[in-house]
$ cat run-v1.cif   # mmCIF, C-alpha atoms and all ligand atoms
data_run
loop_
_atom_site.group_PDB
_atom_site.id
_atom_site.type_symbol
_atom_site.label_atom_id
_atom_site.label_comp_id
_atom_site.auth_asym_id
_atom_site.auth_seq_id
_atom_site.Cartn_x
_atom_site.Cartn_y
_atom_site.Cartn_z
ATOM 1 C CA MET A 235 181.210 -161.638 -133.704
ATOM 2 C CA PRO A 236 184.784 -162.981 -133.489
ATOM 3 C CA LEU A 237 186.212 -165.374 -136.054
ATOM 4 C CA GLU A 238 185.435 -168.865 -134.813
ATOM 5 C CA VAL A 239 186.494 -172.269 -136.150
ATOM 6 C CA THR A 240 185.105 -175.587 -134.952
ATOM 7 C CA LEU A 241 186.285 -178.988 -136.078
ATOM 8 C CA ILE A 242 182.861 -180.579 -136.495
ATOM 9 C CA ASP A 243 184.190 -184.041 -137.320
ATOM 10 C CA HIS A 244 186.896 -185.937 -139.133
ATOM 11 C CA ALA A 245 187.301 -189.329 -140.821
ATOM 12 C CA ARG A 246 187.161 -192.053 -138.179
ATOM 13 C CA ASP A 247 190.601 -193.431 -137.215
ATOM 14 C CA PRO A 248 192.463 -191.194 -139.700
ATOM 15 C CA LEU A 249 195.881 -192.747 -139.064
ATOM 16 C CA GLN A 250 194.497 -196.217 -139.746
ATOM 17 C CA LYS A 251 192.909 -194.919 -142.951
ATOM 18 C CA LEU A 252 196.285 -193.562 -144.072
ATOM 19 C CA TYR A 253 198.072 -196.736 -143.035
ATOM 20 C CA GLY A 254 195.584 -198.865 -144.998
ATOM 21 C CA ALA A 255 195.829 -196.650 -148.100
ATOM 22 C CA TYR A 256 199.635 -196.542 -148.131
ATOM 23 C CA ARG A 257 200.055 -200.209 -147.166
ATOM 24 C CA THR A 258 197.795 -201.301 -150.019
ATOM 25 C CA CYS A 259 200.265 -199.664 -152.412
ATOM 26 C CA TYR A 260 203.331 -201.411 -151.052
ATOM 27 C CA THR A 261 202.214 -204.931 -150.138
ATOM 28 C CA PRO A 262 201.173 -208.046 -152.058
ATOM 29 C CA LYS A 263 198.424 -208.465 -149.420
ATOM 30 C CA THR A 264 194.859 -207.534 -150.318
ATOM 31 C CA PRO A 265 193.211 -204.538 -148.611
ATOM 32 C CA ALA A 266 190.958 -207.052 -146.788
ATOM 33 C CA GLU A 267 194.066 -208.725 -145.359
ATOM 34 C CA VAL A 268 195.661 -205.394 -144.447
ATOM 35 C CA TRP A 269 192.486 -204.251 -142.689
ATOM 36 C CA GLY A 270 192.121 -207.660 -141.031
ATOM 37 C CA GLU A 271 195.535 -207.083 -139.437
ATOM 38 C CA ILE A 272 194.650 -203.526 -138.420
ATOM 39 C CA ARG A 273 191.303 -204.524 -136.896
ATOM 40 C CA ALA A 274 192.776 -207.535 -135.097
ATOM 41 C CA GLY A 275 195.280 -205.164 -133.439
ATOM 42 C CA ARG A 276 198.240 -206.998 -135.001
ATOM 43 C CA ILE A 277 199.608 -203.627 -136.173
ATOM 44 C CA THR A 278 200.249 -201.552 -133.068
ATOM 45 C CA PRO A 279 199.216 -197.876 -132.976
ATOM 46 C CA GLU A 280 202.922 -197.061 -132.672
ATOM 47 C CA ALA A 281 203.742 -199.026 -135.847
ATOM 48 C CA ILE A 282 200.898 -197.266 -137.657
ATOM 49 C CA ARG A 283 202.128 -193.837 -136.513
ATOM 50 C CA GLU A 284 205.703 -194.600 -137.588
ATOM 51 C CA PHE A 285 204.709 -196.017 -140.964
ATOM 52 C CA VAL A 286 202.485 -193.014 -141.723
ATOM 53 C CA ALA A 287 205.166 -190.547 -140.544
ATOM 54 C CA GLU A 288 207.702 -192.141 -142.941
ATOM 55 C CA ARG A 289 205.250 -191.965 -145.859
ATOM 56 C CA LEU A 290 204.495 -188.320 -145.061
ATOM 57 C CA LYS A 291 208.159 -187.545 -145.762
ATOM 58 C CA THR A 292 207.678 -188.671 -149.374
ATOM 59 C CA GLY A 293 205.924 -187.066 -152.323
ATOM 60 C CA HIS A 294 203.287 -189.821 -152.371
ATOM 61 C CA ALA A 295 200.414 -187.531 -151.401
ATOM 62 C CA SER A 296 197.279 -189.044 -152.958
ATOM 63 C CA PRO A 297 196.486 -191.318 -149.940
ATOM 64 C CA LEU A 298 196.075 -188.102 -147.932
ATOM 65 C CA GLU A 299 192.924 -187.424 -149.937
ATOM 66 C CA GLN A 300 191.280 -190.341 -148.105
ATOM 67 C CA VAL A 301 191.156 -188.470 -144.790
ATOM 68 C CA VAL A 302 188.474 -185.803 -144.562
ATOM 69 C CA PHE A 303 187.723 -182.998 -142.076
ATOM 70 C CA TRP A 304 184.552 -180.969 -141.509
ATOM 71 C CA PHE A 305 184.846 -177.439 -140.120
ATOM 72 C CA GLY A 306 182.340 -174.846 -139.010
ATOM 73 C CA VAL A 307 183.548 -171.288 -139.591
ATOM 74 C CA SER A 308 181.800 -168.120 -138.461
ATOM 75 C CA GLY A 309 182.472 -164.400 -138.215
ATOM 76 C CA VAL A 310 184.683 -164.132 -141.294
ATOM 77 C CA SER A 311 184.315 -161.372 -143.850
ATOM 78 C CA ARG A 312 183.104 -161.742 -147.410
ATOM 79 C CA ALA A 313 186.602 -160.490 -148.373
ATOM 80 C CA LEU A 314 187.955 -163.679 -146.822
ATOM 81 C CA SER A 315 185.255 -165.956 -148.188
ATOM 82 C CA HIS A 316 185.987 -164.916 -151.747
ATOM 83 C CA GLN A 317 189.620 -165.941 -151.294
ATOM 84 C CA LEU A 318 188.734 -169.226 -149.612
ATOM 85 C CA VAL A 319 186.323 -170.411 -152.288
ATOM 86 C CA ARG A 320 189.055 -170.066 -154.925
ATOM 87 C CA HIS A 321 190.342 -173.400 -153.590
ATOM 88 C CA ARG A 322 188.499 -175.866 -155.771
ATOM 89 C CA ILE A 323 190.057 -179.328 -155.544
ATOM 90 C CA GLY A 324 189.344 -181.619 -152.573
ATOM 91 C CA ILE A 325 187.201 -179.067 -150.750
ATOM 92 C CA SER A 326 183.482 -178.436 -150.537
ATOM 93 C CA PHE A 327 181.713 -175.361 -149.097
ATOM 94 C CA GLU A 328 178.289 -174.432 -147.867
ATOM 95 C CA GLN A 329 178.024 -170.712 -147.158
ATOM 96 C CA GLN A 330 175.322 -168.639 -145.495
ATOM 97 C CA SER A 331 173.035 -167.225 -148.174
ATOM 98 C CA GLN A 332 172.446 -163.494 -148.573
ATOM 99 C CA ARG A 333 169.269 -164.293 -150.490
ATOM 100 C CA TYR A 334 167.551 -166.333 -147.779
ATOM 101 C CA VAL A 335 169.097 -164.736 -144.698
ATOM 102 C CA LYS A 336 168.122 -161.154 -143.966
ATOM 103 C CA TYR A 337 170.382 -159.241 -141.600
ATOM 104 C CA LYS A 338 168.312 -157.644 -138.852
ATOM 105 C CA GLU A 339 170.832 -156.013 -136.489
ATOM 106 C CA GLU A 340 170.784 -152.281 -135.851
ATOM 107 C CA ARG A 341 174.395 -152.249 -136.998
ATOM 108 C CA LEU A 342 175.613 -155.333 -138.827
ATOM 109 C CA ASP A 343 178.477 -157.005 -137.012
ATOM 110 C CA TYR A 344 180.990 -156.136 -139.726
ATOM 111 C CA VAL A 345 184.581 -157.367 -139.612
ATOM 112 C CA MET A 346 186.976 -154.487 -139.017
ATOM 113 C CA PRO A 347 190.695 -154.911 -139.830
ATOM 114 C CA ARG A 348 192.927 -153.728 -136.976
ATOM 115 C CA SER A 349 194.738 -151.320 -139.298
ATOM 116 C CA TRP A 350 191.666 -149.044 -139.269
ATOM 117 C CA ALA A 351 191.780 -148.810 -135.477
ATOM 118 C CA LYS A 352 195.452 -147.819 -135.563
ATOM 119 C CA VAL A 353 194.800 -144.605 -137.502
ATOM 120 C CA PRO A 354 193.182 -141.874 -135.356
ATOM 121 C CA GLY A 355 189.575 -141.260 -136.343
ATOM 122 C CA MET A 356 189.380 -144.012 -138.967
ATOM 123 C CA ALA A 357 187.661 -146.638 -136.759
ATOM 124 C CA ALA A 358 184.856 -144.127 -136.130
ATOM 125 C CA GLU A 359 184.618 -143.365 -139.870
ATOM 126 C CA TYR A 360 184.407 -147.110 -140.594
ATOM 127 C CA ASP A 361 181.711 -147.577 -138.006
ATOM 128 C CA ARG A 362 179.741 -144.595 -139.314
ATOM 129 C CA LEU A 363 179.804 -145.973 -142.865
ATOM 130 C CA MET A 364 178.777 -149.480 -141.726
ATOM 131 C CA ARG A 365 175.831 -148.052 -139.781
ATOM 132 C CA GLU A 366 174.763 -146.089 -142.830
ATOM 133 C CA ILE A 367 175.025 -149.158 -145.055
ATOM 134 C CA THR A 368 172.954 -151.153 -142.548
ATOM 135 C CA ARG A 369 170.346 -148.391 -142.502
ATOM 136 C CA VAL A 370 170.032 -148.287 -146.313
ATOM 137 C CA TYR A 371 169.972 -152.111 -146.509
ATOM 138 C CA GLU A 372 167.181 -152.366 -143.936
ATOM 139 C CA ASP A 373 165.250 -149.523 -145.519
ATOM 140 C CA ALA A 374 165.459 -151.353 -148.859
ATOM 141 C CA LEU A 375 164.085 -154.545 -147.295
ATOM 142 C CA ALA A 376 161.340 -152.626 -145.500
ATOM 143 C CA LYS A 377 160.277 -151.012 -148.799
ATOM 144 C CA GLY A 378 159.950 -154.386 -150.520
ATOM 145 C CA ILE A 379 163.257 -154.692 -152.340
ATOM 146 C CA PRO A 380 164.050 -158.432 -152.241
ATOM 147 C CA ALA A 381 166.984 -159.561 -150.083
ATOM 148 C CA GLU A 382 168.827 -160.828 -153.176
ATOM 149 C CA ASP A 383 168.853 -157.235 -154.475
ATOM 150 C CA ALA A 384 169.150 -155.379 -151.160
ATOM 151 C CA ARG A 385 172.436 -157.260 -150.562
ATOM 152 C CA PHE A 386 174.072 -155.347 -153.425
ATOM 153 C CA VAL A 387 174.888 -152.538 -150.974
ATOM 154 C CA LEU A 388 176.639 -154.873 -148.527
ATOM 155 C CA PRO A 389 180.438 -154.497 -148.403
ATOM 156 C CA ASN A 390 183.378 -156.946 -148.244
ATOM 157 C CA ALA A 391 183.307 -156.490 -144.454
ATOM 158 C CA THR A 392 179.936 -158.275 -144.138
ATOM 159 C CA PRO A 393 180.285 -161.343 -141.876
ATOM 160 C CA THR A 394 179.545 -164.799 -143.203
ATOM 161 C CA ASN A 395 179.489 -168.449 -142.076
ATOM 162 C CA PHE A 396 180.578 -171.706 -143.689
ATOM 163 C CA GLN A 397 180.473 -175.420 -143.255
ATOM 164 C CA ILE A 398 183.482 -176.864 -145.056
ATOM 165 C CA MET A 399 184.538 -180.395 -145.926
ATOM 166 C CA VAL A 400 188.168 -180.721 -146.956
ATOM 167 C CA ASN A 401 190.566 -183.604 -147.402
ATOM 168 C CA PHE A 402 193.979 -183.662 -145.771
ATOM 169 C CA ALA A 403 195.945 -183.246 -149.038
ATOM 170 C CA GLU A 404 194.041 -180.050 -149.830
ATOM 171 C CA LEU A 405 194.248 -178.811 -146.250
ATOM 172 C CA LEU A 406 198.036 -179.162 -146.447
ATOM 173 C CA HIS A 407 198.032 -177.219 -149.711
ATOM 174 C CA ILE A 408 195.834 -174.487 -148.226
ATOM 175 C CA ALA A 409 198.163 -174.246 -145.197
ATOM 176 C CA ASP A 410 201.179 -174.062 -147.552
ATOM 177 C CA LEU A 411 199.722 -170.964 -149.185
ATOM 178 C CA ARG A 412 197.609 -169.343 -146.512
ATOM 179 C CA LEU A 413 199.873 -169.712 -143.471
ATOM 180 C CA CYS A 414 202.561 -168.020 -145.538
ATOM 181 C CA TRP A 415 203.334 -164.503 -144.398
ATOM 182 C CA ARG A 416 202.380 -163.262 -147.899
ATOM 183 C CA ALA A 417 198.768 -164.369 -147.406
ATOM 184 C CA GLN A 418 196.218 -161.825 -146.168
ATOM 185 C CA TRP A 419 195.935 -161.591 -142.345
ATOM 186 C CA GLU A 420 192.325 -162.755 -142.003
ATOM 187 C CA ILE A 421 192.662 -165.953 -144.056
ATOM 188 C CA ARG A 422 195.999 -166.608 -142.313
ATOM 189 C CA HIS A 423 194.212 -166.330 -138.972
ATOM 190 C CA LEU A 424 191.431 -168.653 -140.164
ATOM 191 C CA VAL A 425 193.857 -171.343 -141.338
ATOM 192 C CA ALA A 426 195.868 -171.018 -138.119
ATOM 193 C CA LEU A 427 192.662 -171.754 -136.172
ATOM 194 C CA MET A 428 191.908 -174.730 -138.443
ATOM 195 C CA ARG A 429 195.411 -176.001 -137.726
ATOM 196 C CA ARG A 430 194.833 -175.586 -133.985
ATOM 197 C CA GLU A 431 191.640 -177.632 -134.184
ATOM 198 C CA VAL A 432 193.315 -180.448 -136.150
ATOM 199 C CA ALA A 433 196.349 -180.424 -133.839
ATOM 200 C CA LYS A 434 194.059 -180.828 -130.805
ATOM 201 C CA ALA A 435 192.218 -183.788 -132.370
ATOM 202 C CA ILE A 436 195.051 -185.536 -134.260
ATOM 203 C CA PRO A 437 198.448 -184.063 -133.269
ATOM 204 C CA GLU A 438 200.298 -186.428 -135.654
ATOM 205 C CA LEU A 439 198.547 -184.764 -138.613
ATOM 206 C CA GLY A 440 198.202 -181.234 -137.227
ATOM 207 C CA ALA A 441 202.001 -180.944 -137.048
ATOM 208 C CA TYR A 442 202.184 -181.053 -140.858
ATOM 209 C CA LEU A 443 199.986 -177.999 -141.305
ATOM 210 C CA GLN A 444 202.688 -175.410 -141.870
ATOM 211 C CA PRO A 445 203.435 -172.631 -144.326
ATOM 212 C CA LYS A 446 205.194 -174.108 -147.342
ATOM 213 C CA CYS A 447 208.607 -173.053 -145.984
ATOM 214 C CA GLY A 448 207.978 -175.277 -142.909
ATOM 215 C CA ASP A 449 210.453 -178.032 -142.086
ATOM 216 C CA ARG A 450 207.767 -180.663 -142.795
ATOM 217 C CA ARG A 451 206.824 -179.068 -146.111
ATOM 218 C CA LEU A 452 209.247 -177.548 -148.672
ATOM 219 C CA GLY A 453 211.639 -176.426 -145.948
ATOM 220 C CA TYR A 454 212.543 -173.240 -147.837
ATOM 221 C CA CYS A 455 210.869 -170.118 -149.151
ATOM 222 C CA ASP A 456 210.134 -169.934 -152.889
ATOM 223 C CA GLU A 457 208.533 -166.482 -152.804
ATOM 224 C CA PRO A 458 210.351 -163.371 -154.135
ATOM 225 C CA ARG A 459 213.544 -162.795 -152.190
ATOM 226 C CA LYS A 460 212.467 -159.295 -151.163
ATOM 227 C CA ASP A 461 209.398 -160.740 -149.418
ATOM 228 C CA TRP A 462 211.500 -163.426 -147.746
ATOM 229 C CA GLU A 463 213.818 -160.719 -146.365
ATOM 230 C CA ARG A 464 210.833 -158.971 -144.766
ATOM 231 C CA CYS A 465 209.164 -162.158 -143.450
ATOM 232 C CA PRO A 466 209.719 -163.021 -139.738
ATOM 233 C CA LEU A 467 210.132 -166.695 -140.762
ATOM 234 C CA GLY A 468 212.931 -165.666 -143.138
ATOM 235 C CA LYS A 469 215.143 -165.454 -140.039
ATOM 236 C CA VAL A 470 214.830 -169.215 -139.481
ATOM 237 C CA ARG A 471 214.032 -170.644 -142.930
ATOM 238 C CA PRO A 472 216.314 -170.426 -145.984
ATOM 239 C CA HIS A 473 215.396 -168.936 -149.326
ATOM 240 C CA LYS A 474 215.438 -171.190 -152.413
ATOM 241 C CA GLU A 475 218.187 -169.066 -154.038
ATOM 242 C CA GLN A 476 220.438 -169.546 -151.007
ATOM 243 C CA LEU A 477 220.063 -173.322 -151.226
ATOM 244 C CA LEU A 478 220.864 -173.249 -154.934
ATOM 245 C CA GLU A 479 223.925 -171.079 -154.240
ATOM 246 C CA VAL A 480 225.160 -173.629 -151.672
ATOM 247 C CA PHE A 481 224.432 -176.485 -154.093
ATOM 248 C CA ARG A 482 226.319 -174.790 -156.939
ATOM 249 C CA ALA A 483 229.250 -174.054 -154.623
ATOM 250 C CA HIS A 484 229.208 -177.669 -153.421
ATOM 251 C CA ARG A 485 229.211 -178.984 -156.990
ATOM 252 C CA GLY A 486 232.043 -176.604 -157.843
ATOM 253 C CA GLY A 487 234.039 -178.002 -154.917
ATOM 254 C CA ASP A 488 233.874 -174.745 -152.878
ATOM 255 C CA VAL A 489 232.076 -176.429 -149.985
ATOM 256 C CA ALA A 490 233.913 -179.041 -147.926
ATOM 257 C CA PRO A 491 232.591 -182.587 -148.553
ATOM 258 C CA LEU A 492 230.655 -184.212 -145.702
ATOM 259 C CA ASP A 493 232.887 -185.890 -143.139
ATOM 260 C CA GLU A 494 232.584 -189.611 -142.312
ATOM 261 C CA ALA A 495 230.233 -189.154 -139.357
ATOM 262 C CA HIS A 496 227.826 -187.133 -141.515
ATOM 263 C CA LEU A 497 228.007 -189.681 -144.310
ATOM 264 C CA ARG A 498 227.090 -192.481 -141.876
ATOM 265 C CA VAL A 499 224.002 -190.526 -140.754
ATOM 266 C CA VAL A 500 222.979 -189.966 -144.391
ATOM 267 C CA GLU A 501 223.489 -193.668 -145.244
ATOM 268 C CA ASP A 502 221.531 -194.828 -142.193
ATOM 269 C CA ALA A 503 218.654 -192.538 -143.121
ATOM 270 C CA GLY A 504 218.718 -194.000 -146.669
ATOM 271 C CA ASN A 505 218.639 -197.563 -145.349
ATOM 272 C CA GLU A 506 215.502 -196.879 -143.333
ATOM 273 C CA GLU A 507 213.574 -196.130 -146.553
HETATM 274 C C1 LIG B 1 199.418 -164.812 -151.622
HETATM 275 C C2 LIG B 1 198.299 -165.021 -152.611
HETATM 276 C C3 LIG B 1 197.934 -163.987 -153.452
HETATM 277 C C4 LIG B 1 196.905 -164.180 -154.397
HETATM 278 N N1 LIG B 1 196.550 -163.137 -155.211
HETATM 279 C C5 LIG B 1 195.582 -163.314 -156.151
HETATM 280 C C6 LIG B 1 195.197 -162.254 -157.037
HETATM 281 O O1 LIG B 1 195.742 -161.160 -156.985
HETATM 282 N N2 LIG B 1 194.201 -162.483 -157.939
HETATM 283 C C7 LIG B 1 193.577 -163.703 -158.050
HETATM 284 O O2 LIG B 1 192.696 -163.875 -158.889
HETATM 285 N N3 LIG B 1 193.906 -164.713 -157.195
HETATM 286 C C8 LIG B 1 194.880 -164.558 -156.275
HETATM 287 N N4 LIG B 1 195.197 -165.580 -155.417
HETATM 288 C C9 LIG B 1 194.436 -166.833 -155.500
HETATM 289 C C10 LIG B 1 195.165 -167.865 -156.371
HETATM 290 O O3 LIG B 1 195.342 -167.396 -157.693
HETATM 291 C C11 LIG B 1 194.376 -169.193 -156.406
HETATM 292 O O4 LIG B 1 193.090 -168.948 -156.926
HETATM 293 C C12 LIG B 1 194.242 -169.799 -155.028
HETATM 294 O O5 LIG B 1 195.514 -169.930 -154.432
HETATM 295 C C13 LIG B 1 193.613 -171.176 -155.133
HETATM 296 O O6 LIG B 1 194.181 -171.880 -156.232
HETATM 297 P P1 LIG B 1 194.836 -173.294 -156.135
HETATM 298 O O7 LIG B 1 195.413 -173.586 -157.477
HETATM 299 O O8 LIG B 1 195.732 -173.328 -154.968
HETATM 300 O O9 LIG B 1 193.491 -174.136 -155.968
HETATM 301 P P2 LIG B 1 193.268 -175.466 -155.174
HETATM 302 O O10 LIG B 1 191.930 -175.956 -155.555
HETATM 303 O O11 LIG B 1 193.518 -175.265 -153.716
HETATM 304 O O12 LIG B 1 194.389 -176.381 -155.810
HETATM 305 C C14 LIG B 1 194.735 -177.622 -155.262
HETATM 306 C C15 LIG B 1 195.780 -178.232 -156.137
HETATM 307 O O13 LIG B 1 195.221 -178.639 -157.375
HETATM 308 C C16 LIG B 1 195.902 -177.991 -158.455
HETATM 309 N N5 LIG B 1 194.883 -177.616 -159.430
HETATM 310 C C17 LIG B 1 193.718 -177.005 -159.180
HETATM 311 N N6 LIG B 1 193.024 -176.834 -160.312
HETATM 312 C C18 LIG B 1 193.784 -177.321 -161.297
HETATM 313 C C19 LIG B 1 193.621 -177.417 -162.698
HETATM 314 N N7 LIG B 1 192.535 -176.950 -163.305
HETATM 315 N N8 LIG B 1 194.588 -177.990 -163.419
HETATM 316 C C20 LIG B 1 195.690 -178.471 -162.834
HETATM 317 N N9 LIG B 1 195.927 -178.415 -161.484
HETATM 318 C C21 LIG B 1 194.975 -177.842 -160.736
HETATM 319 C C22 LIG B 1 196.566 -176.775 -157.843
HETATM 320 O O14 LIG B 1 197.704 -176.350 -158.571
HETATM 321 C C23 LIG B 1 196.944 -177.289 -156.491
HETATM 322 O O15 LIG B 1 198.130 -178.034 -156.536
HETATM 323 C C24 LIG B 1 196.226 -165.430 -154.484
HETATM 324 C C25 LIG B 1 196.606 -166.470 -153.622
HETATM 325 C C26 LIG B 1 197.618 -166.278 -152.690
HETATM 326 C C27 LIG B 1 197.997 -167.421 -151.781
#
$ encode --input "run-v1.cif" --output "structure tokens" --more "lines below"
Ligand SMILES: Cc1cc2nc3c(=O)[nH]c(=O)nc-3n(C[C@H](O)[C@H](O)[C@H](O)COP(=O)(O)OP(=O)(O)OC[C@H]3O[C@@H](n4cnc5c(N)ncnc54)[C@H](O)[C@@H]3O)c2cc1C
Amino acid sequence: MPLEVTLIDHARDPLQKLYGAYRTCYTPKTPAEVWGEIRAGRITPEAIREFVAERLKTGHASPLEQVVFWFGVSGVSRALSHQLVRHRIGISFEQQSQRYVKYKEERLDYVMPRSWAKVPGMAAEYDRLMREITRVYEDALAKGIPAEDARFVLPNATPTNFQIMVNFAELLHIADLRLCWRAQWEIRHLVALMRREVAKAIPELGAYLQPKCGDRRLGYCDEPRKDWERCPLGKVRPHKEQLLEVFRAHRGGDVAPLDEAHLRVVEDAGNEE
């Protein structure tokens, strides 16, 4: 069973929700007045998109908690699920039970990392062991051992399913960590598929789901420099130490000051705020 992610649903009109939440912070108008304007169409979708995009550049992240997504996830390993459920703020899980669900296949559809297939003979070894585990598990059930105890022989490779509800702030945080090259391949794959689903439904929000070094997130890598040197993204994204080196050199006068054209661009950007 391949890893599968479905976006079951998301908060209705998520950009409007974000607009309303942010606008409430920055206007003397009441939320009822703000929403009256939104619902009457007096704020164009373009204005809403632009306003939200500007706010997303800031560190004001709590309004993002007001937009929620529901995902269905299947075919992931218990090795992955243990990592995923460590996220505890702004996320809620329902996971297939190993007490109430009894696996009945001849050979459980275990997840097999590709690295096993790359070593001659090891994929067959893996398969042999999984068949044996399935046999012992089913024998235990057949002889009356309850499922909640029979499951003790099941390995990390056992497949599992989830329904997840997560808010956008937490989804961004999960993408920061789990799309990073340092994350384990299976959870990275899962979060990449979640990003794909969000990007299909709401491209304006999906674009922000990046590893933390992404240009819409930190913009640099804060992991150990040795890992950054080995990471494929290290070729296009700077390391934190490099930025600090440039900053120190700039402060020490070793880097040429910005010319007038650059200064104008910086000032214009400041005025837009
Ligand atoms: C590359 C990688 C390697 C890892 N290796 C290990 C490992 O070897 N062993 C291990 O046990 N775990 C490991 N983990 C898991 C890690 O320790 C965390 O459990 C996991 O990232 C989820 O934690 P979070 O703080 O991001 O939780 P989330 O719930 O996703 O946190 C959301 C936000 O809330 C904040 N937050 C959450 N709880 C609190 C709190 N109580 N007080 C204050 N702020 C809070 C977080 O800092 C974060 O900003 C690893 C994770 C990664 C990405």
$ residues_near_ligand --input "run-v1.cif" --ligand "ligand LIG 1 (chain B)" --cutoff "8 Å" --atoms "all atoms listed in the file" --output "MDAnalysis selection string"
chainID A and resid 317:325 404 407:408 411:412 414 416:418
$ atom_distance --input "run-v1.cif" --atom1 "atom CA of A:Ala384" --atom2 "atom CA of A:Phe396"
21.3 Å
$ atom_distance --input "run-v1.cif" --atom1 "atom CA of A:Leu388" --atom2 "atom CA of A:Leu424"
21.9 Å
$ resolve_selection --input "run-v1.cif" --expression "the PyMOL selection byres (((chain A and resi 368-380) around 12) and not hetatm)" --output "PyMOL selection string"
chain A and resi 332-344+361-367+381-389+391-392
$ residues_around --input "run-v1.cif" --residues "A:Leu427" --least-positions-apart "5" --cutoff "9 Å" --atoms "only C-alpha atoms" --output "ChimeraX atom specification"
/A:238-240,422,432
$ write_last_selection --input "run-v1.cif" --atoms "C-alpha atoms" --output "short mmCIF file (atom, residue, chain, number, x, y, z; two decimals), in the frame of the given file"
data_model
loop_
_atom_site.label_atom_id
_atom_site.label_comp_id
_atom_site.auth_asym_id
_atom_site.auth_seq_id
_atom_site.Cartn_x
_atom_site.Cartn_y
_atom_site.Cartn_z
CA GLU A 238 185.44 -168.86 -134.81
CA VAL A 239 186.49 -172.27 -136.15
CA THR A 240 185.10 -175.59 -134.95
CA ARG A 422 196.00 -166.61 -142.31
CA VAL A 432 193.32 -180.45 -136.15
#
$ atom_distance --input "run-v1.cif" --atom1 "atom CA of A:Arg273" --atom2 "atom CA of A:Tyr256"
16.1 Å
$ residues_around --input "run-v1.cif" --residues "A:Val310" --least-positions-apart "4" --cutoff "7 Å" --atoms "all atoms listed in the file" --output "list in words"
Leu237, Leu314, Val345, Pro393, Thr394 and Asn395 of chain A
$ residues_around --input "run-v1.cif" --residues "stretch 284-292 of chain A" --least-positions-apart "3" --cutoff "12 Å" --atoms "only C-alpha atoms" --output "PDB file with C-alpha atoms, in the frame of the given file"
ATOM      1  CA  PRO A 248     192.463-191.194-139.700  1.00  0.00           C
ATOM      2  CA  LEU A 249     195.881-192.747-139.064  1.00  0.00           C
ATOM      3  CA  GLN A 250     194.497-196.217-139.746  1.00  0.00           C
ATOM      4  CA  LYS A 251     192.909-194.919-142.951  1.00  0.00           C
ATOM      5  CA  LEU A 252     196.285-193.562-144.072  1.00  0.00           C
ATOM      6  CA  TYR A 253     198.072-196.736-143.035  1.00  0.00           C
ATOM      7  CA  GLY A 254     195.584-198.865-144.998  1.00  0.00           C
ATOM      8  CA  ALA A 255     195.829-196.650-148.100  1.00  0.00           C
ATOM      9  CA  TYR A 256     199.635-196.542-148.131  1.00  0.00           C
ATOM     10  CA  ARG A 257     200.055-200.209-147.166  1.00  0.00           C
ATOM     11  CA  CYS A 259     200.265-199.664-152.412  1.00  0.00           C
ATOM     12  CA  TYR A 260     203.331-201.411-151.052  1.00  0.00           C
ATOM     13  CA  ILE A 277     199.608-203.627-136.173  1.00  0.00           C
ATOM     14  CA  THR A 278     200.249-201.552-133.068  1.00  0.00           C
ATOM     15  CA  PRO A 279     199.216-197.876-132.976  1.00  0.00           C
ATOM     16  CA  GLU A 280     202.922-197.061-132.672  1.00  0.00           C
ATOM     17  CA  ALA A 281     203.742-199.026-135.847  1.00  0.00           C
ATOM     18  CA  ALA A 295     200.414-187.531-151.401  1.00  0.00           C
ATOM     19  CA  SER A 296     197.279-189.044-152.958  1.00  0.00           C
ATOM     20  CA  PRO A 297     196.486-191.318-149.940  1.00  0.00           C
ATOM     21  CA  LEU A 298     196.075-188.102-147.932  1.00  0.00           C
ATOM     22  CA  PHE A 402     193.979-183.662-145.771  1.00  0.00           C
ATOM     23  CA  ALA A 403     195.945-183.246-149.038  1.00  0.00           C
ATOM     24  CA  LEU A 406     198.036-179.162-146.447  1.00  0.00           C
ATOM     25  CA  PRO A 437     198.448-184.063-133.269  1.00  0.00           C
ATOM     26  CA  GLU A 438     200.298-186.428-135.654  1.00  0.00           C
ATOM     27  CA  LEU A 439     198.547-184.764-138.613  1.00  0.00           C
ATOM     28  CA  ALA A 441     202.001-180.944-137.048  1.00  0.00           C
ATOM     29  CA  TYR A 442     202.184-181.053-140.858  1.00  0.00           C
ATOM     30  CA  LEU A 443     199.986-177.999-141.305  1.00  0.00           C
ATOM     31  CA  ASP A 449     210.453-178.032-142.086  1.00  0.00           C
ATOM     32  CA  ARG A 450     207.767-180.663-142.795  1.00  0.00           C
ATOM     33  CA  ARG A 451     206.824-179.068-146.111  1.00  0.00           C
ATOM     34  CA  LEU A 452     209.247-177.548-148.672  1.00  0.00           C
ATOM     35  CA  GLY A 453     211.639-176.426-145.948  1.00  0.00           C
ATOM     36  CA  ALA A 503     218.654-192.538-143.121  1.00  0.00           C
ATOM     37  CA  GLY A 504     218.718-194.000-146.669  1.00  0.00           C
ATOM     38  CA  GLU A 506     215.502-196.879-143.333  1.00  0.00           C
ATOM     39  CA  GLU A 507     213.574-196.130-146.553  1.00  0.00           C
TER      40      GLU A 507
END
$ closest_residue --input "run-v1.cif" --among "A:Thr264, A:Pro445, A:Trp350, A:Asp456" --to "A:Leu478" --atoms "all atoms listed in the file"
A:Asp456
